[in-house]
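For reference, the structure discussed in these notes is given below.
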Amino acid sequence: MRVHIPSALRKWTAGREVIDIPMALDMRMSAGEAIETVAGEYPGIRDRVLDEQGELRRHVNIFIDGENARFIGCLAAQVKADSEMWIHPALSGGAN
Amino acid sequence: MNSAAKLSPRAGDVLVMVGTVKGAFLFLADRNRREFKMSGPHFLGQSVPSVAFVGGVAARILVGNKSEHWGAMVSWSDDFGANWNEPTEGNIKFPRGGGDALNSIWTLETETALGPDTVLAGVDPAALFRSDDRGETFRLNEPLFNHPDRPRWNPGFGGLCLHSIVVHPQNPKRMYIGISSAGLYRTDDGGETWTTCVNGLRVHPDVPGATLCPHKLRIDAENPSRMYLQSHPGTYRTDNEGRSWISIEGGLPSEFGFPMVAHPHRGGTIWTFPLTADAYRVPPNGQPKVWRSRDGGASWEALSRGLPERDGYFTVLREAFCADTLDPAGLYFGTRGGQVYASNDEGDSWRMLAEFLPPVLCVKTVAME
Amino acid sequence: MNSAAKLSPRAGDVIVMVGTTKGAFLFLADRKRSEFKMSGPHFLGQSVSSAAFVSGAAARILVGNRSEHWGAMVSWSDDFGANWNEPTEGNIKFPRGGAAALNSIWTLETETALGRDTVLAGVDPAALFRSDDRGETFRLNEPLFNHRDRPRWNPGFGGLCLHSIVVHPQNPKRMYIGISSAGLYRTDDGGETWTIAPGRRIRRTRSPSFGMPLVDRFGNPWMINREQSA
C-alpha cells in the first residue's frame with residue numbers, strides 16, 4: 001500500500017512524498033499499524049500524527065481509498081495491499 | 001472619537017457594526033464618512049461573530065452573541081445600542097434529543113427579497129434558521145438539516161459552519177447557502193429541497209474523499225445569475241446561477257483567503273483579501289493588500305495605500321469585510337489584530353477607524369434611509 | 001524597523017522574544033533600548049505560547065510552539081533565530097496508557113538556581129516537566145502529576161494549565177508552581193513531594209486561586225491574585 005505524506009511533514013521523511021509499504025495480496029492492516037510502520041523508518045512522523053495516547057490528532061485527517069477514515073473506524077480502518085492512504089491536516093474554514 | 005456615545009443616526013448616515021471576540025462596537029458617520037462616533041463595547045465579554053441590520057419602520061440592530069459559558073443566541077437593540085434585548089430562552093436551538101447543540105451563529109442575513117421582517121441565520125453545526133419576527137424567534141430548516149449528504153460533511157478547521165446565505169434579489173424562493181466543509185447548496189422552492197451546485201470547484205485537500213470548503217459567497221448586483229465565491233482553495237465565478245463555476249484566481253497572489261465582497265450596485269466589481277495558504281493565513285510577504293476586480297475576476301489590481309507596507313501579519317475573516325451602498329462605495333474591514341480599516345473610494349485608499357479593538361470577527365454596514 | 005533580519009547580539013544588548021498565535025518574533029536593541037531590530041516570523045502558522053532564553057557558553061532561544069495539526073513541542077535556536085531545531089519525537093509527552101495528551105506549553109522557566117542547563121516547563125493539562133539538556137528532552141514530574149488533589153482540579157477558562165514556576169533563588173530544592181484553576185503548590189525537596197501553599201500572606205478567595213506566585217529575595221512567597229482573562 002502507499003502512504004501519502006502531506007507537504008508539512010515531508011521534512012521528517014527525507015522529502016519523500018509517498019512511502020511504500022509492501023503487503024501480501026491477502027494481508028490486511030489497520031491504518032494505525034500503517035502509520036506505525038511508516039514511523040518505524042521515519043520517527044518524526046509518529047508524534048506529529050498521533051498524540052501520546054496513540055489517538056489520531058484532532059485536526060489531522062486520514063483518507064483511505066477515497067473515504068475519510070473517521071467514518072470507517074479511524075485508526076482501526078482496514079487497508080489492503082493496493083490501498084492508497086493520505087495523511088492530511090484538516091484545514092478548512094476557521095476563525096483563526 | 002467619542003466612545004460609548006449614544007448614537008442618534010439621521011437619514012443618510014452610515015452605520016458600521018463590528019463584532020469582536022469581546023463584544024460589539026458601533027460606528028456612525030454622516031455621508032461624508034470622515035468622522036465616526038463610536039459606541040461600545042456592547043456585550044462585553046461575549047464574542048459577537050455576526051451582526052445585521054433590520055430596516056423598515058423601526059430600525060433594529062441584531063447580534064449573534066456568544067458567551068463561552070451561557071451559549072449563543074440572537075439579541076437586538078431598537079435604539080442603536082442604547083439598550084439591548086436578550087431572548088429569555090435561547091432563540092436558536094436544535095431539536096431536543098438530536099445530539100446537536102448550537103456552537104455559534106456565523107451569519108445573519110437581512111434585507112432580502114423575503115421581506116423586511118425575515119432574518120436568516122447560518123450556524124455551527126451547519127444549519128439554517130429563519131425568523132419572521134425581525135430576529136426574535138427562529139425555526140430550523142429541517143430539509144437542509146436532514147439532508148442525505150449530511151453524514152459526509154467534514155468539520156472544517158473552524159467547525160462545521162453555515163457561513164454564507166444568498167437570497168435571489170427577485171425570486172425569494174431561490175437561495176444559496178455555503179457550508180465549510182461541505183459545499184454549496186441551492187434551493188428553488190424556498191428551502192423545501194436542496195441540491196448541490198459545485199460543478200467546477202476544487203476540493204481540499206486534493207485527495208479522494210475530501211470535501212469542498214467554500215468560504216464566502218456573494219451575488220452580483222446587476223446580474224443575479226452571476227455569483228462570486230472565495231473557496232479553499234480558489235476564487236470562482238458562476239454565470240449560470242451556480243450550475244458551473246470557473247476559476248478567477250489568475251492574477252491573485254494566493255488561492256487562499258476568507259472574504260469576498262461584491263459592489264452593492266455596480267456589477268462585475270468585487271474585492272478580496274488574499275492570505276498565504278493553509279497553515280499560515282497571513283498576508284503574502286507580510287504585506288496586507290486588498291485586491292479589486294472591475295471585470296468579474298478576469299483581472300485584478302492590488303490596493304494598499306494606507307495599509308501597512310510590511311510586517312503586517314493580520315488576518316481578515318470572511319464575515320469581516322463589507323461595502324456600503326453610497327457612491328463611491330465605502331469599504332470596511334476588521335482584522336484579528338483589532339484594527340478596523342475604511343475606504344471611501346472603493347479601495348483606492350484606506351485609513352484606520354479603530355486600532356485597539358479585540359480581534360474582529362464581523363463587520364457590516366448600512367446607510368440610513 | 002528591519003524585519004526578518006539576522007540578529008547578531010553583542011554584550012549589553014537587550015533581546016525581546018514575542019510569541020504570537022502565528023509565530024514568534026525577536027526584537028533586539030542595544031542598552032539604550034531605542035531602536036529595535038525585528039526578526040521573524042519564526043514558526044509561521046504555529047502558535048508560540050512560551051519562550052525562554054538559556055544562557056551560558058552557547059546562548060539558546062527556546063520556544064514552546066504548537067501546530068494545530070502536529071501538536072506541541074519545545075524547539076530551539078542556537079544562533080538567535082537564523083536556524084531552528086525541532087525535536088524528531090515530541091519532547092514533552094505524557095505517559096502512554098493514561099488519559100492525558102499535551103495541549104500546549106504555557107511557560108518555560110530558565111536561569112534558575114537549578115543551573116544553566118535546566119529548563120522547567122509548565123503545560124496544559126497541568127503538569128511540570130524538567131529538562132537538564134537545555135530544553136531538548138524533558139521528563140515528567142510524577143509526584144505532581146499523581147498528586148492526590150488532582151481529581152479536584154477544575155480546568156480554568158484557559159484550560160487546566162500549569163502557568164507559573166518559581167524556583168527559590170538560593171535553595172533550588174524549593175519551588176512553587178501555580179495551576180489554573182487548582183492553586184499554588186510548593187515543594188521543599190526538589191519536586192518529590194508537593195503541598196498546597198496558602199501561607200499567611202496569601203489572601204484566600206472563595207474560588208480556587210488562579211494567581212501568580214512570586215518569591216521575594218528573602219525567599220518569602222507572595223501571590224498576586226489576578227483575573228483569568230481570555
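Order determines the names: the first chain of the C-alpha cells is A, the second B, and so forth; residues in each chain are numbered 1 upward, and ligands are numbered 1 upward as they are shown.
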| request: If you run DSSP over the backbone, which residues in stretch 8-178 of chain C end up strand (DSSP E or B)? Put them as a PyMOL selection string. | output: chain C and resi 14-20+23-29+37-42+47-54+60-67+71-77+85+104-109+112+115+119-124+127-131+139-140+156+159+161-167+175-178
Hey, could you make a per-residue contact list for chain A against chain C with 7 Å as the cut-off, showing the nearest pair of atoms and its distance in Å to one decimal, counting only C-alpha atoms, sorted by chain and number, as JSON lines?
```
{"residue": "A:Pro43", "atom": "CA", "partner": "C:Glu89", "partner_atom": "CA", "distance": 6.6}
{"residue": "A:Gly44", "atom": "CA", "partner": "C:Thr88", "partner_atom": "CA", "distance": 4.5}
{"residue": "A:Asp47", "atom": "CA", "partner": "C:Gly90", "partner_atom": "CA", "distance": 5.7}
{"residue": "A:Arg48", "atom": "CA", "partner": "C:Trp70", "partner_atom": "CA", "distance": 4.2}
{"residue": "A:Val49", "atom": "CA", "partner": "C:Trp70", "partner_atom": "CA", "distance": 6.1}
{"residue": "A:Asp51", "atom": "CA", "partner": "C:Ala101", "partner_atom": "CA", "distance": 6.3}
{"residue": "A:Glu52", "atom": "CA", "partner": "C:Ala101", "partner_atom": "CA", "distance": 5.9}
{"residue": "A:Gln53", "atom": "CA", "partner": "C:Arg96", "partner_atom": "CA", "distance": 5.3}
{"residue": "A:Arg57", "atom": "CA", "partner": "C:His69", "partner_atom": "CA", "distance": 6.8}
{"residue": "A:His59", "atom": "CA", "partner": "C:His69", "partner_atom": "CA", "distance": 5.0}
{"residue": "A:Val60", "atom": "CA", "partner": "C:His69", "partner_atom": "CA", "distance": 5.8}
{"residue": "A:Pro89", "atom": "CA", "partner": "C:His69", "partner_atom": "CA", "distance": 5.9}
```
Export of prior selection with C-alpha atoms as a PDB file, in the first residue's frame:
```pdb
ATOM      1  CA  PRO A  43      10.208   8.520  13.679  1.00  0.00           C
ATOM      2  CA  GLY A  44       9.410  12.208  13.201  1.00  0.00           C
ATOM      3  CA  ASP A  47       4.222  12.180  17.400  1.00  0.00           C
ATOM      4  CA  ARG A  48       3.001  14.554  14.730  1.00  0.00           C
ATOM      5  CA  VAL A  49       0.169  12.373  13.528  1.00  0.00           C
ATOM      6  CA  ASP A  51      -0.856  12.030  20.280  1.00  0.00           C
ATOM      7  CA  GLU A  52       0.905  10.276  23.114  1.00  0.00           C
ATOM      8  CA  GLN A  53      -2.096   8.067  23.749  1.00  0.00           C
ATOM      9  CA  ARG A  57      -4.609  14.144  16.352  1.00  0.00           C
ATOM     10  CA  HIS A  59      -7.033  18.229  13.269  1.00  0.00           C
ATOM     11  CA  VAL A  60      -5.438  15.510  11.163  1.00  0.00           C
ATOM     12  CA  PRO A  89      -4.127  18.415   8.005  1.00  0.00           C
TER      13      PRO A  89
END
```
| task | Quote the spacing between atom CA of B:Ile219 and atom CA of B:Gln170 in Å to one decimal place. | result |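 Those two atoms sit 12.2 Å apart.
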| said: Set the distance at 7 Å and use only C-alpha atoms: which residues neighbour C:Ser104 once local chain neighbours fewer than 3 positions away are removed? I'd like the list as a list in words. | reply: Arg66, Ala72, Val123 and Asp124 of chain C
Let me see the file: selected residues, N, CA and C atoms, as a CSV table (one decimal), in the first residue's frame.
```
chain,number,residue,atom,x,y,z
C,66,ARG,N,3.4,25.3,19.0
C,66,ARG,CA,2.3,24.4,18.8
C,66,ARG,C,1.6,24.5,17.4
C,72,ALA,N,2.3,20.0,20.0
C,72,ALA,CA,3.1,21.0,20.7
C,72,ALA,C,4.4,20.4,21.1
C,123,VAL,N,2.7,23.0,31.6
C,123,VAL,CA,1.9,22.7,30.4
C,123,VAL,C,0.4,22.6,30.8
C,124,ASP,N,-0.3,22.4,29.7
C,124,ASP,CA,-1.8,22.1,29.8
C,124,ASP,C,-1.9,20.7,29.1
```
| request: Could you find all residues in stretch 9-230 of chain C that DSSP calls alpha helix (DSSP H) from the backbone, and write them as an MDAnalysis selection string? | output: chainID C and resid 142:145
| Could you name the residues that touch C:Pro155 at 10 Å or less, counting only C-alpha atoms, but leaving out those on the same chain fewer than 4 positions away, as a PyMOL selection string? | chain C and resi 124-126+159-161+179-182
Pick out the chain A residues within 10 Å of chain B. Count only C-alpha atoms. Give them as a short mmCIF file (atom, residue, chain, number, x, y, z; two decimals) with C-alpha atoms, in the first residue's frame.
```
data_model
loop_
_atom_site.label_atom_id
_atom_site.label_comp_id
_atom_site.auth_asym_id
_atom_site.auth_seq_id
_atom_site.Cartn_x
_atom_site.Cartn_y
_atom_site.Cartn_z
CA HIS A 4 0.99 9.90 1.01
CA PRO A 6 1.50 16.00 3.48
CA ALA A 8 4.24 19.98 6.05
CA ARG A 58 -7.81 16.12 16.31
CA HIS A 59 -7.03 18.23 13.27
CA VAL A 60 -5.44 15.51 11.16
CA ASN A 61 -7.47 13.58 8.62
CA ILE A 62 -6.68 10.26 7.03
CA PHE A 63 -8.27 9.28 3.73
CA ILE A 64 -8.21 5.63 2.71
CA ASP A 65 -9.19 4.78 -0.84
CA GLY A 66 -11.33 7.87 -1.09
CA GLU A 67 -13.00 7.71 2.30
CA ASN A 68 -12.33 9.83 5.34
CA ALA A 69 -11.11 7.26 7.86
CA ARG A 70 -13.11 8.92 10.65
CA PHE A 71 -16.23 7.45 9.05
CA GLU A 84 -3.85 4.49 -1.01
CA MET A 85 -3.75 6.32 2.29
CA TRP A 86 -3.44 10.08 2.54
CA ILE A 87 -2.48 11.92 5.72
CA HIS A 88 -3.64 15.48 5.66
CA PRO A 89 -4.13 18.42 8.01
CA ALA A 90 -7.81 19.28 8.47
CA LEU A 91 -7.52 22.76 7.22
CA SER A 92 -10.79 24.19 6.16
CA GLY A 93 -12.65 27.17 7.36
CA GLY A 94 -11.59 28.74 10.53
CA ALA A 95 -11.93 31.70 12.73
CA ASN A 96 -8.20 31.85 13.08
#
```
| task | Would you give me, as a VMD selection string, the residues of chain C that come within 8 Å of chain B, using only C-alpha atoms? | result | chain C and resid 3 22 44 to 46
Those residues you just picked out, can you put them in a file as an mmCIF file, in the first residue's frame with C-alpha atoms?
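Below is the file part-v9.cif, written as the result:
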```
data_model
loop_
_atom_site.group_PDB
_atom_site.id
_atom_site.type_symbol
_atom_site.label_atom_id
_atom_site.label_comp_id
_atom_site.auth_asym_id
_atom_site.auth_seq_id
_atom_site.Cartn_x
_atom_site.Cartn_y
_atom_site.Cartn_z
ATOM 1 C CA SER C 3 12.345 42.648 9.738
ATOM 2 C CA LYS C 22 1.018 32.733 14.290
ATOM 3 C CA LEU C 44 4.831 30.949 10.937
ATOM 4 C CA GLY C 45 1.495 29.247 11.285
ATOM 5 C CA GLN C 46 2.242 27.770 14.676
#
```
| query | If you count only C-alpha atoms, which residues fall within 9 Å of A:Ser7, apart from same-chain ones fewer than 3 positions away, as a count of residues only? | reply | 5
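Separating atom CA of B:Gln287 from atom CA of B:Ser47 is a distance of 27.8 Å.
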| task | Would you kindly return, as a ChimeraX atom specification, each protein, DNA or RNA residue with an atom no farther than 9 Å from any atom of stretch 37-40 of chain A, considering only C-alpha atoms and excluding same-chain residues fewer than 4 positions away? | result | /A:3,13,19-21,32-33,44-47
| query | Which residues come within 9 Å of C:Gly23, counting only C-alpha atoms, excluding same-chain residues fewer than 6 positions away, as a list in words? | reply | Gly40, Pro41, His42, Phe43, Leu44, Gly45, Gln46, Ser47, Val48 and Asn65 of chain C
| message | Rounded to one decimal, what separation in Å do you get between atom CA of C:Ala197 and atom CA of C:Met175? | response |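 That distance, rounded to one decimal, is 10.9 Å.
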